[in-house]
$ cat my_file10.pdb   # PDB, C-alpha atoms and all ligand atoms
ATOM      1  CA  MET G   1       0.000   0.000   0.000  1.00  0.00           C
ATOM      2  CA  PRO G   2       1.355   3.507  -0.789  1.00  0.00           C
ATOM      3  CA  GLU G   3       2.583   5.604   2.160  1.00  0.00           C
ATOM      4  CA  SER G   4       2.038   2.850   4.745  1.00  0.00           C
ATOM      5  CA  VAL G   5       5.517   1.983   6.054  1.00  0.00           C
ATOM      6  CA  ASP G   6       7.408   3.862   8.785  1.00  0.00           C
ATOM      7  CA  MET G   7      10.876   2.452   8.170  1.00  0.00           C
ATOM      8  CA  ILE G   8      12.648   0.225   5.639  1.00  0.00           C
ATOM      9  CA  PHE G   9      15.871  -1.683   6.151  1.00  0.00           C
ATOM     10  CA  ALA G  10      17.265  -3.047   2.874  1.00  0.00           C
ATOM     11  CA  ASP G  11      20.256  -5.382   2.701  1.00  0.00           C
ATOM     12  CA  PRO G  12      20.191  -5.966  -1.064  1.00  0.00           C
ATOM     13  CA  PRO G  13      22.416  -8.148  -3.255  1.00  0.00           C
ATOM     14  CA  TYR G  14      25.868  -6.509  -3.200  1.00  0.00           C
ATOM     15  CA  PHE G  15      26.727  -8.171  -6.542  1.00  0.00           C
ATOM     16  CA  LEU G  16      30.040  -9.433  -5.169  1.00  0.00           C
ATOM     17  CA  SER G  17      29.696 -13.169  -5.924  1.00  0.00           C
ATOM     18  CA  ASN G  18      32.057 -13.303  -8.855  1.00  0.00           C
ATOM     19  CA  ASN G  19      34.490 -16.084  -7.921  1.00  0.00           C
ATOM     20  CA  GLY G  20      36.687 -13.924  -5.684  1.00  0.00           C
ATOM     21  CA  ILE G  21      38.352 -15.586  -2.683  1.00  0.00           C
ATOM     22  CA  THR G  22      38.054 -15.084   1.054  1.00  0.00           C
ATOM     23  CA  CYS G  23      39.035 -16.845   4.270  1.00  0.00           C
ATOM     24  CA  ASN G  24      36.438 -18.805   6.253  1.00  0.00           C
ATOM     25  CA  SER G  25      37.479 -20.568   9.496  1.00  0.00           C
ATOM     26  CA  GLY G  26      41.110 -20.562   8.328  1.00  0.00           C
ATOM     27  CA  ARG G  27      40.327 -21.994   4.859  1.00  0.00           C
ATOM     28  CA  MET G  28      40.392 -20.352   1.442  1.00  0.00           C
ATOM     29  CA  VAL G  29      36.863 -20.336  -0.045  1.00  0.00           C
ATOM     30  CA  LEU G  30      35.084 -18.660  -2.963  1.00  0.00           C
ATOM     31  CA  VAL G  31      33.011 -15.563  -2.116  1.00  0.00           C
ATOM     32  CA  ASN G  32      29.899 -16.933  -3.806  1.00  0.00           C
ATOM     33  CA  LYS G  33      26.730 -16.235  -1.854  1.00  0.00           C
ATOM     34  CA  GLY G  34      24.236 -17.437  -4.469  1.00  0.00           C
ATOM     35  CA  GLU G  35      22.942 -16.793  -8.011  1.00  0.00           C
ATOM     36  CA  TRP G  36      21.049 -13.769  -6.695  1.00  0.00           C
ATOM     37  CA  ASP G  37      24.336 -12.046  -5.808  1.00  0.00           C
ATOM     38  CA  LYS G  38      26.058 -12.332  -9.216  1.00  0.00           C
ATOM     39  CA  SER G  39      26.827  -9.039 -10.934  1.00  0.00           C
ATOM     40  CA  ARG G  40      24.897  -8.318 -14.131  1.00  0.00           C
ATOM     41  CA  GLY G  41      27.262  -5.529 -15.115  1.00  0.00           C
ATOM     42  CA  PHE G  42      27.411  -2.005 -13.754  1.00  0.00           C
ATOM     43  CA  LYS G  43      24.488  -0.529 -15.724  1.00  0.00           C
ATOM     44  CA  GLU G  44      22.042  -3.359 -15.130  1.00  0.00           C
ATOM     45  CA  ASN G  45      22.956  -3.497 -11.440  1.00  0.00           C
ATOM     46  CA  TYR G  46      22.247   0.229 -11.233  1.00  0.00           C
ATOM     47  CA  GLU G  47      18.858  -0.087 -12.973  1.00  0.00           C
ATOM     48  CA  PHE G  48      17.896  -2.791 -10.483  1.00  0.00           C
ATOM     49  CA  VAL G  49      18.908  -0.620  -7.516  1.00  0.00           C
ATOM     50  CA  LYS G  50      16.966   2.363  -8.820  1.00  0.00           C
ATOM     51  CA  LYS G  51      13.874   0.255  -9.490  1.00  0.00           C
ATOM     52  CA  TRP G  52      13.567  -1.210  -5.997  1.00  0.00           C
ATOM     53  CA  LEU G  53      14.493   2.110  -4.337  1.00  0.00           C
ATOM     54  CA  LEU G  54      11.622   3.775  -6.221  1.00  0.00           C
ATOM     55  CA  LEU G  55       9.206   1.069  -5.016  1.00  0.00           C
ATOM     56  CA  CYS G  56      10.444   1.608  -1.453  1.00  0.00           C
ATOM     57  CA  GLN G  57       9.956   5.360  -1.763  1.00  0.00           C
ATOM     58  CA  LYS G  58       6.334   4.800  -2.823  1.00  0.00           C
ATOM     59  CA  VAL G  59       5.427   2.687   0.215  1.00  0.00           C
ATOM     60  CA  LEU G  60       7.184   4.925   2.749  1.00  0.00           C
ATOM     61  CA  LYS G  61       5.091   7.361   4.768  1.00  0.00           C
ATOM     62  CA  ARG G  62       5.914  11.053   4.284  1.00  0.00           C
ATOM     63  CA  ASP G  63       8.161  11.110   7.357  1.00  0.00           C
ATOM     64  CA  GLY G  64       9.464   7.570   6.901  1.00  0.00           C
ATOM     65  CA  THR G  65      13.117   6.636   6.497  1.00  0.00           C
ATOM     66  CA  ILE G  66      15.153   3.956   4.733  1.00  0.00           C
ATOM     67  CA  TRP G  67      18.448   2.315   5.649  1.00  0.00           C
ATOM     68  CA  VAL G  68      20.471   0.546   2.936  1.00  0.00           C
ATOM     69  CA  SER G  69      23.612  -1.476   3.642  1.00  0.00           C
ATOM     70  CA  GLY G  70      26.398  -2.167   1.169  1.00  0.00           C
ATOM     71  CA  THR G  71      30.061  -2.455   0.343  1.00  0.00           C
ATOM     72  CA  SER G  72      31.935  -0.555  -2.384  1.00  0.00           C
ATOM     73  CA  HIS G  73      30.399  -2.953  -4.952  1.00  0.00           C
ATOM     74  CA  ILE G  74      26.976  -1.347  -4.604  1.00  0.00           C
ATOM     75  CA  ILE G  75      26.846   1.504  -2.119  1.00  0.00           C
ATOM     76  CA  TYR G  76      27.867   4.277  -4.556  1.00  0.00           C
ATOM     77  CA  SER G  77      25.082   3.189  -6.939  1.00  0.00           C
ATOM     78  CA  VAL G  78      22.659   3.276  -4.019  1.00  0.00           C
ATOM     79  CA  GLY G  79      23.774   6.786  -3.037  1.00  0.00           C
ATOM     80  CA  PHE G  80      23.570   8.066  -6.602  1.00  0.00           C
ATOM     81  CA  ALA G  81      20.124   6.531  -7.193  1.00  0.00           C
ATOM     82  CA  MET G  82      18.875   8.001  -3.914  1.00  0.00           C
ATOM     83  CA  GLN G  83      19.953  11.446  -5.036  1.00  0.00           C
ATOM     84  CA  GLU G  84      18.337  10.990  -8.442  1.00  0.00           C
ATOM     85  CA  LEU G  85      15.083   9.926  -6.776  1.00  0.00           C
ATOM     86  CA  GLY G  86      15.056  12.874  -4.346  1.00  0.00           C
ATOM     87  CA  PHE G  87      15.656  11.045  -1.074  1.00  0.00           C
ATOM     88  CA  LYS G  88      17.284  13.163   1.656  1.00  0.00           C
ATOM     89  CA  ILE G  89      20.480  11.483   2.851  1.00  0.00           C
ATOM     90  CA  LEU G  90      20.703  11.774   6.649  1.00  0.00           C
ATOM     91  CA  ASN G  91      23.803   9.770   7.578  1.00  0.00           C
ATOM     92  CA  ASP G  92      26.251   7.238   6.309  1.00  0.00           C
ATOM     93  CA  ILE G  93      26.982   4.777   9.083  1.00  0.00           C
ATOM     94  CA  VAL G  94      30.280   2.915   9.037  1.00  0.00           C
ATOM     95  CA  TRP G  95      29.797  -0.538  10.497  1.00  0.00           C
ATOM     96  CA  TYR G  96      33.212  -1.687  11.715  1.00  0.00           C
ATOM     97  CA  LYS G  97      33.264  -5.495  11.930  1.00  0.00           C
ATOM     98  CA  ILE G  98      36.020  -5.630  14.612  1.00  0.00           C
ATOM     99  CA  ASN G  99      37.233  -9.170  13.734  1.00  0.00           C
ATOM    100  CA  PRO G 100      37.203  -9.512   9.917  1.00  0.00           C
ATOM    101  CA  PRO G 101      38.760 -12.394   7.947  1.00  0.00           C
ATOM    102  CA  PRO G 102      42.319 -11.650   6.691  1.00  0.00           C
ATOM    103  CA  ASN G 103      42.894 -10.570   3.091  1.00  0.00           C
ATOM    104  CA  LEU G 104      44.450 -13.636   1.467  1.00  0.00           C
ATOM    105  CA  SER G 105      45.773 -11.908  -1.649  1.00  0.00           C
ATOM    106  CA  CYS G 106      47.843  -9.453   0.436  1.00  0.00           C
ATOM    107  CA  ARG G 107      47.295  -6.889  -2.329  1.00  0.00           C
ATOM    108  CA  TYR G 108      44.656  -4.816  -0.520  1.00  0.00           C
ATOM    109  CA  PHE G 109      43.884  -3.499   2.962  1.00  0.00           C
ATOM    110  CA  THR G 110      41.748  -5.942   4.965  1.00  0.00           C
ATOM    111  CA  HIS G 111      38.071  -5.276   4.280  1.00  0.00           C
ATOM    112  CA  SER G 112      36.553  -4.592   7.693  1.00  0.00           C
ATOM    113  CA  THR G 113      33.625  -2.229   7.165  1.00  0.00           C
ATOM    114  CA  GLU G 114      30.256  -1.865   5.494  1.00  0.00           C
ATOM    115  CA  THR G 115      28.413   1.388   4.870  1.00  0.00           C
ATOM    116  CA  ILE G 116      24.781   1.873   5.789  1.00  0.00           C
ATOM    117  CA  ILE G 117      23.082   4.901   4.249  1.00  0.00           C
ATOM    118  CA  TRP G 118      20.180   6.334   6.240  1.00  0.00           C
ATOM    119  CA  ALA G 119      17.822   8.542   4.210  1.00  0.00           C
ATOM    120  CA  ALA G 120      14.442  10.235   4.555  1.00  0.00           C
ATOM    121  CA  ARG G 121      11.769   9.756   1.877  1.00  0.00           C
ATOM    122  CA  ASP G 122      12.208  13.259   0.476  1.00  0.00           C
ATOM    123  CA  LYS G 123      13.474  16.736   1.272  1.00  0.00           C
ATOM    124  CA  ALA G 124      10.230  17.706   3.041  1.00  0.00           C
ATOM    125  CA  SER G 125      10.269  14.740   5.459  1.00  0.00           C
ATOM    126  CA  HIS G 126      10.412  15.325   9.207  1.00  0.00           C
ATOM    127  CA  HIS G 127      12.222  12.150  10.140  1.00  0.00           C
ATOM    128  CA  PHE G 128      12.177  10.564  13.593  1.00  0.00           C
ATOM    129  CA  PHE G 129      15.492  10.114  15.427  1.00  0.00           C
ATOM    130  CA  ASN G 130      15.564   8.762  18.969  1.00  0.00           C
ATOM    131  CA  TYR G 131      18.476  10.994  19.946  1.00  0.00           C
ATOM    132  CA  ARG G 132      18.103  10.533  23.703  1.00  0.00           C
ATOM    133  CA  LEU G 133      18.054   6.753  23.588  1.00  0.00           C
ATOM    134  CA  MET G 134      21.080   6.635  21.294  1.00  0.00           C
ATOM    135  CA  LYS G 135      22.973   8.897  23.703  1.00  0.00           C
ATOM    136  CA  GLU G 136      21.908   6.762  26.652  1.00  0.00           C
ATOM    137  CA  MET G 137      23.051   3.599  24.832  1.00  0.00           C
ATOM    138  CA  ASN G 138      26.429   5.286  24.282  1.00  0.00           C
ATOM    139  CA  SER G 139      27.163   5.959  27.991  1.00  0.00           C
ATOM    140  CA  GLY G 140      25.730   9.487  27.877  1.00  0.00           C
ATOM    141  CA  LYS G 141      27.776  10.675  24.878  1.00  0.00           C
ATOM    142  CA  GLN G 142      26.363  11.530  21.445  1.00  0.00           C
ATOM    143  CA  MET G 143      26.270   8.395  19.297  1.00  0.00           C
ATOM    144  CA  LYS G 144      28.710   8.657  16.381  1.00  0.00           C
ATOM    145  CA  ASN G 145      28.289   7.204  12.891  1.00  0.00           C
ATOM    146  CA  LEU G 146      31.031   4.624  13.541  1.00  0.00           C
ATOM    147  CA  TRP G 147      29.484   1.457  14.976  1.00  0.00           C
ATOM    148  CA  ASN G 148      31.648  -1.375  16.319  1.00  0.00           C
ATOM    149  CA  ILE G 149      29.514  -4.478  16.019  1.00  0.00           C
ATOM    150  CA  LEU G 150      30.593  -8.137  15.869  1.00  0.00           C
ATOM    151  CA  PRO G 151      29.210 -10.486  13.185  1.00  0.00           C
ATOM    152  CA  PRO G 152      26.262 -12.672  14.267  1.00  0.00           C
ATOM    153  CA  GLY G 153      27.081 -15.267  16.956  1.00  0.00           C
ATOM    154  CA  LYS G 154      26.264 -19.006  16.894  1.00  0.00           C
ATOM    155  CA  ASP G 155      23.014 -18.519  18.767  1.00  0.00           C
ATOM    156  CA  GLU G 156      21.725 -16.270  15.954  1.00  0.00           C
ATOM    157  CA  LYS G 157      22.302 -19.119  13.467  1.00  0.00           C
ATOM    158  CA  LYS G 158      20.785 -21.993  15.429  1.00  0.00           C
ATOM    159  CA  PHE G 159      17.903 -22.466  12.958  1.00  0.00           C
ATOM    160  CA  GLY G 160      20.236 -22.495   9.941  1.00  0.00           C
ATOM    161  CA  LYS G 161      22.715 -20.249   8.179  1.00  0.00           C
ATOM    162  CA  HIS G 162      22.138 -17.422   5.779  1.00  0.00           C
ATOM    163  CA  PRO G 163      25.352 -16.529   3.872  1.00  0.00           C
ATOM    164  CA  THR G 164      25.008 -12.801   4.499  1.00  0.00           C
ATOM    165  CA  GLN G 165      23.167 -12.697   7.799  1.00  0.00           C
ATOM    166  CA  LYS G 166      23.353  -9.373   9.641  1.00  0.00           C
ATOM    167  CA  PRO G 167      23.970  -9.196  13.411  1.00  0.00           C
ATOM    168  CA  LEU G 168      20.903  -8.697  15.582  1.00  0.00           C
ATOM    169  CA  GLN G 169      22.687  -5.914  17.458  1.00  0.00           C
ATOM    170  CA  LEU G 170      22.952  -3.881  14.239  1.00  0.00           C
ATOM    171  CA  LEU G 171      19.231  -4.119  13.464  1.00  0.00           C
ATOM    172  CA  ASP G 172      18.305  -3.563  17.087  1.00  0.00           C
ATOM    173  CA  ARG G 173      20.133  -0.229  17.041  1.00  0.00           C
ATOM    174  CA  ILE G 174      18.651   0.802  13.691  1.00  0.00           C
ATOM    175  CA  ILE G 175      15.110   0.053  14.841  1.00  0.00           C
ATOM    176  CA  LYS G 176      15.533   1.782  18.187  1.00  0.00           C
ATOM    177  CA  ALA G 177      17.090   4.837  16.501  1.00  0.00           C
ATOM    178  CA  SER G 178      14.462   5.423  13.833  1.00  0.00           C
ATOM    179  CA  THR G 179      11.100   3.959  14.906  1.00  0.00           C
ATOM    180  CA  ARG G 180       8.550   4.144  17.705  1.00  0.00           C
ATOM    181  CA  GLU G 181       6.651   1.246  19.333  1.00  0.00           C
ATOM    182  CA  GLY G 182       3.912  -0.038  17.011  1.00  0.00           C
ATOM    183  CA  ASP G 183       5.584   1.302  13.844  1.00  0.00           C
ATOM    184  CA  LEU G 184       5.609  -0.794  10.671  1.00  0.00           C
ATOM    185  CA  VAL G 185       9.045  -1.951   9.460  1.00  0.00           C
ATOM    186  CA  LEU G 186       9.636  -3.432   5.979  1.00  0.00           C
ATOM    187  CA  ASP G 187      12.616  -5.474   4.788  1.00  0.00           C
ATOM    188  CA  PRO G 188      12.427  -6.079   1.003  1.00  0.00           C
ATOM    189  CA  PHE G 189      15.427  -8.489   0.989  1.00  0.00           C
ATOM    190  CA  CYS G 190      14.793 -10.105   4.351  1.00  0.00           C
ATOM    191  CA  GLY G 191      16.913 -13.283   4.092  1.00  0.00           C
ATOM    192  CA  SER G 192      16.768 -14.848   7.560  1.00  0.00           C
ATOM    193  CA  SER G 193      14.738 -11.870   8.885  1.00  0.00           C
ATOM    194  CA  THR G 194      17.212 -10.383  11.328  1.00  0.00           C
ATOM    195  CA  THR G 195      15.150  -7.215  10.846  1.00  0.00           C
ATOM    196  CA  GLY G 196      11.973  -9.092  11.818  1.00  0.00           C
ATOM    197  CA  VAL G 197      13.492 -10.518  14.987  1.00  0.00           C
ATOM    198  CA  ALA G 198      14.722  -7.061  16.042  1.00  0.00           C
ATOM    199  CA  ALA G 199      11.326  -5.527  15.175  1.00  0.00           C
ATOM    200  CA  ILE G 200       9.379  -8.023  17.291  1.00  0.00           C
ATOM    201  CA  LYS G 201      11.832  -7.724  20.173  1.00  0.00           C
ATOM    202  CA  ASN G 202      11.131  -3.974  20.179  1.00  0.00           C
ATOM    203  CA  ASN G 203       7.321  -4.229  19.722  1.00  0.00           C
ATOM    204  CA  ARG G 204       7.277  -3.056  16.100  1.00  0.00           C
ATOM    205  CA  LYS G 205       5.252  -4.614  13.241  1.00  0.00           C
ATOM    206  CA  TYR G 206       7.143  -6.294  10.436  1.00  0.00           C
ATOM    207  CA  ILE G 207       6.830  -7.266   6.751  1.00  0.00           C
ATOM    208  CA  GLY G 208       9.643  -9.306   5.165  1.00  0.00           C
ATOM    209  CA  ILE G 209      10.045 -10.141   1.456  1.00  0.00           C
ATOM    210  CA  ASP G 210      12.494 -12.579  -0.128  1.00  0.00           C
ATOM    211  CA  MET G 211      12.669 -14.551  -3.398  1.00  0.00           C
ATOM    212  CA  SER G 212      13.964 -17.698  -1.648  1.00  0.00           C
ATOM    213  CA  GLU G 213      11.570 -20.151   0.005  1.00  0.00           C
ATOM    214  CA  GLU G 214      14.466 -21.600   1.978  1.00  0.00           C
ATOM    215  CA  TYR G 215      15.280 -18.229   3.536  1.00  0.00           C
ATOM    216  CA  LEU G 216      11.623 -17.464   4.154  1.00  0.00           C
ATOM    217  CA  SER G 217      11.191 -20.693   6.114  1.00  0.00           C
ATOM    218  CA  LEU G 218      14.317 -19.797   8.127  1.00  0.00           C
ATOM    219  CA  SER G 219      12.699 -16.398   8.736  1.00  0.00           C
ATOM    220  CA  VAL G 220       9.507 -18.012  10.014  1.00  0.00           C
ATOM    221  CA  LYS G 221      11.454 -20.124  12.529  1.00  0.00           C
ATOM    222  CA  ARG G 222      13.388 -17.139  13.863  1.00  0.00           C
ATOM    223  CA  ILE G 223      10.317 -14.932  14.079  1.00  0.00           C
ATOM    224  CA  GLN G 224       8.271 -17.659  15.741  1.00  0.00           C
ATOM    225  CA  GLU G 225      10.933 -17.967  18.421  1.00  0.00           C
ATOM    226  CA  ALA G 226      10.990 -14.195  18.997  1.00  0.00           C
ATOM    227  CA  ILE G 227       7.187 -14.215  19.378  1.00  0.00           C
ATOM    228  CA  ASN G 228       7.300 -17.194  21.748  1.00  0.00           C
ATOM    229  CA  ARG G 229       9.853 -15.424  23.893  1.00  0.00           C
ATOM    230  CA  GLY G 230       7.245 -12.740  24.388  1.00  0.00           C
ATOM    231  CA  HIS G 231       9.159  -9.852  22.852  1.00  0.00           C
TER
HETATM  232  C1  LIG R 301      21.994  -9.761   1.619  1.00  0.00           C
HETATM  233  S1  LIG R 301      20.745 -10.933   1.793  1.00  0.00           S
HETATM  234  C2  LIG R 301      19.806 -10.366   3.190  1.00  0.00           C
HETATM  235  C3  LIG R 301      20.255 -10.971   4.503  1.00  0.00           C
HETATM  236  C4  LIG R 301      19.457 -10.489   5.702  1.00  0.00           C
HETATM  237  N1  LIG R 301      19.711  -9.098   6.002  1.00  0.00           N
HETATM  238  C5  LIG R 301      19.708 -11.331   6.943  1.00  0.00           C
HETATM  239  O1  LIG R 301      20.087 -10.788   7.996  1.00  0.00           O
HETATM  240  O2  LIG R 301      19.541 -12.552   6.873  1.00  0.00           O
HETATM  241  C6  LIG R 301      19.752 -10.532   0.424  1.00  0.00           C
HETATM  242  C7  LIG R 301      18.534 -11.411   0.222  1.00  0.00           C
HETATM  243  O3  LIG R 301      17.823 -10.894  -0.905  1.00  0.00           O
HETATM  244  C8  LIG R 301      17.181 -11.958  -1.579  1.00  0.00           C
HETATM  245  N2  LIG R 301      16.944 -11.467  -2.947  1.00  0.00           N
HETATM  246  C9  LIG R 301      17.855 -11.252  -3.919  1.00  0.00           C
HETATM  247  N3  LIG R 301      17.284 -10.721  -5.007  1.00  0.00           N
HETATM  248  C10 LIG R 301      15.952 -10.587  -4.719  1.00  0.00           C
HETATM  249  C11 LIG R 301      14.823 -10.084  -5.420  1.00  0.00           C
HETATM  250  N4  LIG R 301      14.939  -9.615  -6.667  1.00  0.00           N
HETATM  251  N5  LIG R 301      13.620 -10.073  -4.790  1.00  0.00           N
HETATM  252  C12 LIG R 301      13.497 -10.550  -3.519  1.00  0.00           C
HETATM  253  N6  LIG R 301      14.529 -11.046  -2.797  1.00  0.00           N
HETATM  254  C13 LIG R 301      15.745 -11.052  -3.383  1.00  0.00           C
HETATM  255  C14 LIG R 301      18.144 -13.142  -1.445  1.00  0.00           C
HETATM  256  O4  LIG R 301      17.461 -14.366  -1.505  1.00  0.00           O
HETATM  257  C15 LIG R 301      18.800 -12.882  -0.080  1.00  0.00           C
HETATM  258  O5  LIG R 301      18.221 -13.672   0.930  1.00  0.00           O
END
$ encode --input "my_file10.pdb" --output "structure tokens"
Amino acid sequence: MPESVDMIFADPPYFLSNNGITCNSGRMVLVNKGEWDKSRGFKENYEFVKKWLLLCQKVLKRDGTIWVSGTSHIIYSVGFAMQELGFKILNDIVWYKINPPPNLSCRYFTHSTETIIWAARDKASHHFFNYRLMKEMNSGKQMKNLWNILPPGKDEKKFGKHPTQKPLQLLDRIIKASTREGDLVLDPFCGSSTTGVAAIKNNRKYIGIDMSEEYLSLSVKRIQEAINRGH
């Protein structure tokens, strides 16, 4: 429905599954997350980004906001498309992963961050920011845009693994920062529904979309557990 969603978190394909290598538990492995993450070339990738961003903009309420995560493979396209579509960019968060895998080629710096762009629907939006809570969560000091957050722990993967699962702590902070209790949160690339678990934990409503039945059934298990826990 148009103008019905308070906040969107989108963790889209980064288009980085192109037979590169990385290190997983001390072993060299290919960085292939799935067919859905294969690059279709710069222009087609960009058209895809712009298309889903436009759909997101349509369902956002006037004062709603969107968060989009990405690495260098995609985040500049996201930022450019947002500007073309008239979003108002509020922040770029740098998520520092603290304990990243080493760079096996030794020809680059170790990749240890992702960027998360936070934007309001348009220039006229009066976005919500829970400034006080963020300050409180940061020992009384203003929260900066550099977030040190570990990758998801074993407990977050007990129902099965998603290859690009986000940590619950990251989504918990995003939801607390930009929504109120009862708000509707949408994740258009929900995967294992980390966003959904964080939404339920914080008494928000949630809609998750994914093309994969396997990931949707993983989502259902995680969400069911969050509901059963009573938060
Ligand atoms: C980066 S992952 C999201 C991971 C998620 N944030 C989590 O914590 O588990 C992106 C997801 O988008 C889904 N996907 C890719 N292309 C899609 C499309 N065109 N429509 C819907 N889902 C898509 C994939 O199946 C994948 O689960």
$ residues_near_ligand --input "my_file10.pdb" --ligand "ligand LIG 301 (chain R)" --cutoff "10 Å" --atoms "only C-alpha atoms and all ligand atoms" --output "PyMOL selection string"
chain G and resi 9-15+33-38+48-49+52+69-70+152+156-157+161-168+170-171+187-197+208-216+218-219
$ residues_around --input "my_file10.pdb" --residues "Lys51 of chain G" --least-positions-apart "5" --cutoff "12 Å" --atoms "all atoms listed in the file" --output "PDB file with C-alpha atoms, in the coordinates of the input"
ATOM      1  CA  GLU G  44      22.042  -3.359 -15.130  1.00  0.00           C
ATOM      2  CA  ASN G  45      22.956  -3.497 -11.440  1.00  0.00           C
ATOM      3  CA  TYR G  46      22.247   0.229 -11.233  1.00  0.00           C
ATOM      4  CA  CYS G  56      10.444   1.608  -1.453  1.00  0.00           C
ATOM      5  CA  GLN G  57       9.956   5.360  -1.763  1.00  0.00           C
ATOM      6  CA  LYS G  58       6.334   4.800  -2.823  1.00  0.00           C
ATOM      7  CA  SER G  77      25.082   3.189  -6.939  1.00  0.00           C
ATOM      8  CA  VAL G  78      22.659   3.276  -4.019  1.00  0.00           C
ATOM      9  CA  ALA G  81      20.124   6.531  -7.193  1.00  0.00           C
ATOM     10  CA  MET G  82      18.875   8.001  -3.914  1.00  0.00           C
ATOM     11  CA  GLU G  84      18.337  10.990  -8.442  1.00  0.00           C
ATOM     12  CA  LEU G  85      15.083   9.926  -6.776  1.00  0.00           C
TER      13      LEU G  85
END
$ atom_distance --input "my_file10.pdb" --atom1 "atom CA of Phe42 of chain G" --atom2 "atom CA of Asp92 of chain G"
22.1 Å
$ residues_around --input "my_file10.pdb" --residues "segment 93-102 of chain G" --least-positions-apart "5" --cutoff "9 Å" --atoms "all atoms listed in the file" --output "list in words"
Thr22, Cys23, Asn24, Ser25, Gly26, Ser69, Thr110, His111, Ser112, Thr113, Glu114, Thr115, Ile116, Ile117, Trp118, Lys144, Asn145, Leu146, Trp147, Asn148, Ile149, Leu150, Pro151 and Leu170 of chain G
$ closest_residue --input "my_file10.pdb" --among "G:Gln83, G:Thr65, G:Asn103, G:Thr71" --to "Phe129 of chain G" --atoms "only C-alpha atoms"
G:Thr65
$ closest_residue --input "my_file10.pdb" --among "G:Ile223, G:Tyr76, G:Lys205, G:Asp183" --to "Lys50 of chain G" --atoms "all atoms listed in the file"
G:Tyr76
$ resolve_selection --input "my_file10.pdb" --expression "the PyMOL selection byres (((chain G and resi 59) around 7) and not hetatm)" --output "JSON, numbers by chain"
{"G": [1, 2, 3, 4, 5, 55, 56, 57, 58, 60, 61]}
$ residues_around --input "my_file10.pdb" --residues "Asn19 of chain G" --least-positions-apart "5" --cutoff "8 Å" --atoms "all atoms listed in the file" --output "list in words"
Leu30, Val31 and Asn32 of chain G
$ atom_distance --input "my_file10.pdb" --atom1 "atom CA of Gly86 of chain G" --atom2 "atom CA of Leu54 of chain G"
9.9 Å
$ closest_residue --input "my_file10.pdb" --among "G:Asp172, G:Asp6, G:Glu47, G:Glu136" --to "Ala198 of chain G" --atoms "all atoms listed in the file"
G:Asp172
$ atom_distance --input "my_file10.pdb" --atom1 "atom CA of Met134 of chain G" --atom2 "atom CA of Asn228 of chain G"
27.5 Å
$ axis_aligned_box --input "my_file10.pdb" --around "segment 91-98 of chain G" --padding-each-side "5 Å" --output "JSON"
{"center_x": 29.9, "center_y": 2.1, "center_z": 10.5, "size_x": 22.2, "size_y": 25.4, "size_z": 18.3}
$ closest_residue --input "my_file10.pdb" --among "G:Ser178, G:Gln142, G:Gln169, G:Asn18" --to "Phe128 of chain G" --atoms "all atoms listed in the file"
G:Ser178
$ closest_residue --input "my_file10.pdb" --among "G:His73, G:Arg62, G:Lys201, G:Lys176" --to "His127 of chain G" --atoms "only C-alpha atoms"
G:Arg62
$ closest_residue --input "my_file10.pdb" --among "G:Tyr131, G:Lys88, G:Ser125, G:Gly20" --to "Ser105 of chain G" --atoms "only C-alpha atoms"
G:Gly20
$ decode --input "my_file10.pdb" --residues "segment 65-84 of chain G" --atoms "C-alpha atoms" --output "short mmCIF file (atom, residue, chain, number, x, y, z; two decimals), in the first residue's frame"
data_model
loop_
_atom_site.label_atom_id
_atom_site.label_comp_id
_atom_site.auth_asym_id
_atom_site.auth_seq_id
_atom_site.Cartn_x
_atom_site.Cartn_y
_atom_site.Cartn_z
CA THR G 65 13.12 6.64 6.50
CA ILE G 66 15.15 3.96 4.73
CA TRP G 67 18.45 2.32 5.65
CA VAL G 68 20.47 0.55 2.94
CA SER G 69 23.61 -1.48 3.64
CA GLY G 70 26.40 -2.17 1.17
CA THR G 71 30.06 -2.45 0.34
CA SER G 72 31.94 -0.55 -2.38
CA HIS G 73 30.40 -2.95 -4.95
CA ILE G 74 26.98 -1.35 -4.60
CA ILE G 75 26.85 1.50 -2.12
CA TYR G 76 27.87 4.28 -4.56
CA SER G 77 25.08 3.19 -6.94
CA VAL G 78 22.66 3.28 -4.02
CA GLY G 79 23.77 6.79 -3.04
CA PHE G 80 23.57 8.07 -6.60
CA ALA G 81 20.12 6.53 -7.19
CA MET G 82 18.88 8.00 -3.91
CA GLN G 83 19.95 11.45 -5.04
CA GLU G 84 18.34 10.99 -8.44
#
